[in-house]
Amino acid sequence: MSGVAHSELTAFQEVHASAIDAAIAAVAEELLEGVPEIVAAPIRYALAGGGKRLRPHLCVAAYLTAVGEGEPAGLVEPGPIHRIAAAIEFVHTYSLVHDDLPCMDDDDLRRGRPSTHRAFNVPQAVVGGAAIIPLACDALVRGSRELGLDAAGGAALVRELCRGAGGGGMVGGQWLDLEAEGRTITLAALENVHRRKTGALLAASVRIGAIAGRADSGVLDALDRYGEAVGLAFQIADDVLDVTGTSERLGKTAGKDREVSKATFPAVLGLEQARARAEAEVATAVSALTEAGLASSELMALARFAVARDR
């Protein structure tokens, strides 16, 4: 798994990064109007932390693949699909706010800054994080209307987001992750943790983009397989980076998994086999696209970025 400097983003990310960031800022400003500042302040802080924005990029790439649009040469202006992608980043951000809490992973650093409960306090972080969830659903519905989707289409997007983030996905995976600390678990159980905790929302990002682009069942099935593989590959890469990276480069506390005896792929398989498994999942993701005749260089590049990154 070769290292990639933070500036060496895929061309696709470079094209859409500013549009996604602008959509996140615009949606936040719009939806936080009238929200008490004690709630709004930690939300703004958490959303402004930056990050890889991989989930919104996957959403946009899946949308473009579904509608069959080529990639523009220059920077793009924020559009409805970027607002929909912003909603996914909202939910991811809420998960980081809560993940860092003392009752969860108890981490003081996130995206190179004090975690939200350190910048404010625990009650504000808890309430602010929870308040992001309905904002995300609101943003999804508004974005779906701008794309011309009917009520059923908008509901489908919200359903996918909630399924990926809920008890059967990210939230349930977080509990399984906490439950596995200090225990020896099987490889199958570890995969279940990872596919839920991290993989479910990444896969939902792809599926939401595809549904927004009105993908047919064949395309949707292929993108499902792609998203599930990328989601698992991404979390395995995170496990590896926790062992090999530094806090300065990662923007979060390195070595935290080992410190609290988390169940990780390097712990179960060893470092080199974990790297090999991540690469195998990327190959599975790319095969899902090629077998379906989806020549999306953007999705392929994002799959490789998921494991080639250094933070």
# chains A, B, ... in the order shown; residues from 1 in each chain; ligands from 1
>>> select_by_dssp(residues="range 178-306 of chain A", states="alpha helix (DSSP H)", output="ChimeraX atom specification")
/A:178-180,187-194,200-212,217-244,247-250,256-259,265-269,271-291,297-306
>>> write_last_selection(atoms="C-alpha atoms", output="compact mmCIF listing (two decimals), in the first residue's frame")
# COMPACT_ATOMS: atom_id res chain seq x y z
CA LEU A 178 -16.49 -1.24 21.57
CA GLU A 179 -17.66 -4.70 22.61
CA ALA A 180 -14.68 -6.33 20.87
CA LEU A 187 -11.78 -12.82 11.16
CA ALA A 188 -15.46 -13.16 10.20
CA ALA A 189 -16.54 -11.24 13.29
CA LEU A 190 -13.95 -8.55 12.57
CA GLU A 191 -15.23 -8.17 9.02
CA ASN A 192 -18.75 -7.78 10.37
CA VAL A 193 -17.59 -4.96 12.66
CA HIS A 194 -15.80 -3.16 9.84
CA ALA A 200 -22.02 0.76 5.66
CA LEU A 201 -21.94 4.56 5.30
CA LEU A 202 -19.33 4.44 2.54
CA ALA A 203 -21.46 1.93 0.64
CA ALA A 204 -24.56 4.08 1.27
CA SER A 205 -22.73 7.07 -0.20
CA VAL A 206 -22.31 5.20 -3.47
CA ARG A 207 -25.87 3.90 -3.44
CA ILE A 208 -27.33 7.36 -2.73
CA GLY A 209 -25.44 8.82 -5.68
CA ALA A 210 -26.64 6.01 -7.93
CA ILE A 211 -30.28 6.40 -6.84
CA ALA A 212 -30.07 10.17 -7.30
CA SER A 217 -31.02 -2.27 -11.28
CA GLY A 218 -27.95 -3.62 -13.09
CA VAL A 219 -25.90 -0.49 -12.46
CA LEU A 220 -27.15 -0.29 -8.88
CA ASP A 221 -26.14 -3.90 -8.17
CA ALA A 222 -22.64 -3.30 -9.53
CA LEU A 223 -22.24 -0.10 -7.52
CA ASP A 224 -23.45 -1.91 -4.41
CA ARG A 225 -20.66 -4.48 -4.80
CA TYR A 226 -18.18 -1.70 -5.47
CA GLY A 227 -19.27 0.32 -2.43
CA GLU A 228 -19.15 -2.63 -0.05
CA ALA A 229 -15.61 -3.53 -1.15
CA VAL A 230 -14.34 0.06 -0.95
CA GLY A 231 -15.90 0.45 2.49
CA LEU A 232 -14.06 -2.55 3.88
CA ALA A 233 -10.81 -1.58 2.14
CA PHE A 234 -10.98 1.90 3.64
CA GLN A 235 -11.34 0.65 7.21
CA ILE A 236 -8.55 -1.89 6.80
CA ALA A 237 -6.33 0.95 5.55
CA ASP A 238 -7.32 2.97 8.63
CA ASP A 239 -6.28 0.08 10.84
CA VAL A 240 -2.93 -0.08 9.08
CA LEU A 241 -2.38 3.67 9.33
CA ASP A 242 -3.04 3.55 13.07
CA VAL A 243 0.02 1.27 13.29
CA THR A 244 2.27 2.95 10.71
CA SER A 247 -0.50 11.76 14.94
CA GLU A 248 0.80 14.77 13.03
CA ARG A 249 0.16 13.14 9.65
CA LEU A 250 -3.11 11.43 10.56
CA LYS A 256 -4.94 4.45 19.73
CA ASP A 257 -6.27 1.08 18.52
CA ARG A 258 -3.38 -0.82 20.07
CA GLU A 259 -3.55 1.26 23.26
CA PHE A 265 -7.00 -6.33 10.81
CA PRO A 266 -3.29 -5.90 11.68
CA ALA A 267 -4.00 -7.44 15.09
CA VAL A 268 -5.81 -10.42 13.57
CA LEU A 269 -3.88 -10.94 10.30
CA LEU A 271 0.41 -5.92 9.05
CA GLU A 272 1.41 -7.29 5.65
CA GLN A 273 -1.59 -9.57 5.30
CA ALA A 274 -3.85 -6.67 6.29
CA ARG A 275 -2.30 -4.56 3.52
CA ALA A 276 -2.79 -7.39 1.06
CA ARG A 277 -6.44 -7.78 2.08
CA ALA A 278 -7.08 -4.07 1.54
CA GLU A 279 -5.58 -4.30 -1.96
CA ALA A 280 -7.71 -7.37 -2.66
CA GLU A 281 -10.87 -5.46 -1.73
CA VAL A 282 -9.88 -2.65 -4.11
CA ALA A 283 -9.45 -5.25 -6.87
CA THR A 284 -12.93 -6.58 -6.05
CA ALA A 285 -14.36 -3.06 -6.29
CA VAL A 286 -12.74 -2.41 -9.67
CA SER A 287 -13.90 -5.80 -10.97
CA ALA A 288 -17.48 -4.97 -10.01
CA LEU A 289 -17.30 -1.94 -12.27
CA THR A 290 -15.56 -3.57 -15.23
CA GLU A 291 -17.79 -6.65 -15.18
CA SER A 297 -12.07 6.16 -14.02
CA GLU A 298 -13.31 8.39 -11.17
CA LEU A 299 -14.71 5.52 -9.12
CA MET A 300 -11.64 3.41 -9.85
CA ALA A 301 -9.33 6.21 -8.72
CA LEU A 302 -11.34 6.76 -5.55
CA ALA A 303 -11.15 3.05 -4.73
CA ARG A 304 -7.37 3.14 -5.03
CA PHE A 305 -7.21 6.37 -3.01
CA ALA A 306 -9.06 4.62 -0.18
>>> select_by_dssp(residues="range 45-285 of chain A", states="strand (DSSP E or B)", output="list of chain:residue names")
A:Leu109, A:Arg110, A:Arg113, A:Pro114
>>> write_last_selection(atoms="C-alpha atoms", output="tab-separated table (two decimals), in the first residue's frame")
chain	number	residue	atom	x	y	z
A	109	LEU	CA	-7.57	15.07	18.50
A	110	ARG	CA	-9.56	15.02	15.28
A	113	ARG	CA	-7.56	20.02	15.90
A	114	PRO	CA	-9.00	19.44	19.35
>>> closest_atom_pairs(of="range 37-113 of chain A", to="range 142-154 of chain A", cutoff="7 Å", atoms="only C-alpha atoms", output="JSON lines")
{"residue": "A:Pro80", "atom": "CA", "partner": "A:Gly143", "partner_atom": "CA", "distance": 5.0}
{"residue": "A:Ile81", "atom": "CA", "partner": "A:Gly143", "partner_atom": "CA", "distance": 6.7}
{"residue": "A:Arg83", "atom": "CA", "partner": "A:Gly143", "partner_atom": "CA", "distance": 5.6}
{"residue": "A:Ile84", "atom": "CA", "partner": "A:Gly143", "partner_atom": "CA", "distance": 5.3}
>>> write_last_selection(atoms="N, CA and C atoms", output="short mmCIF file (atom, residue, chain, number, x, y, z; two decimals), in the first residue's frame")
data_model
loop_
_atom_site.label_atom_id
_atom_site.label_comp_id
_atom_site.auth_asym_id
_atom_site.auth_seq_id
_atom_site.Cartn_x
_atom_site.Cartn_y
_atom_site.Cartn_z
N PRO A 80 -27.16 20.44 -7.08
CA PRO A 80 -27.98 19.60 -6.20
C PRO A 80 -27.28 18.34 -5.71
N ILE A 81 -26.49 17.70 -6.58
CA ILE A 81 -25.83 16.47 -6.15
C ILE A 81 -24.78 16.77 -5.09
N ARG A 83 -25.16 19.09 -2.80
CA ARG A 83 -25.94 19.26 -1.57
C ARG A 83 -26.29 17.89 -0.98
N ILE A 84 -26.63 16.96 -1.84
CA ILE A 84 -26.91 15.60 -1.37
C ILE A 84 -25.65 14.98 -0.78
#
>>> residues_around(residues="Ser261 in chain A", least_positions_apart="6", cutoff="10 Å", atoms="only C-alpha atoms", output="list of chain:residue names")
A:Ala180, A:Glu181, A:Gly182, A:Arg183, A:Thr184, A:Gly255, A:Ala267
>>> residues_around(residues="Asp100 in chain A", least_positions_apart="6", cutoff="10 Å", atoms="only C-alpha atoms", output="PyMOL selection string")
chain A and resi 106-110+115-118+122+125+252
>>> closest_residue(among="A:Pro42, A:Gly49, A:Gly68, A:Gly245", to="Arg111 in chain A", atoms="only C-alpha atoms")
A:Gly49
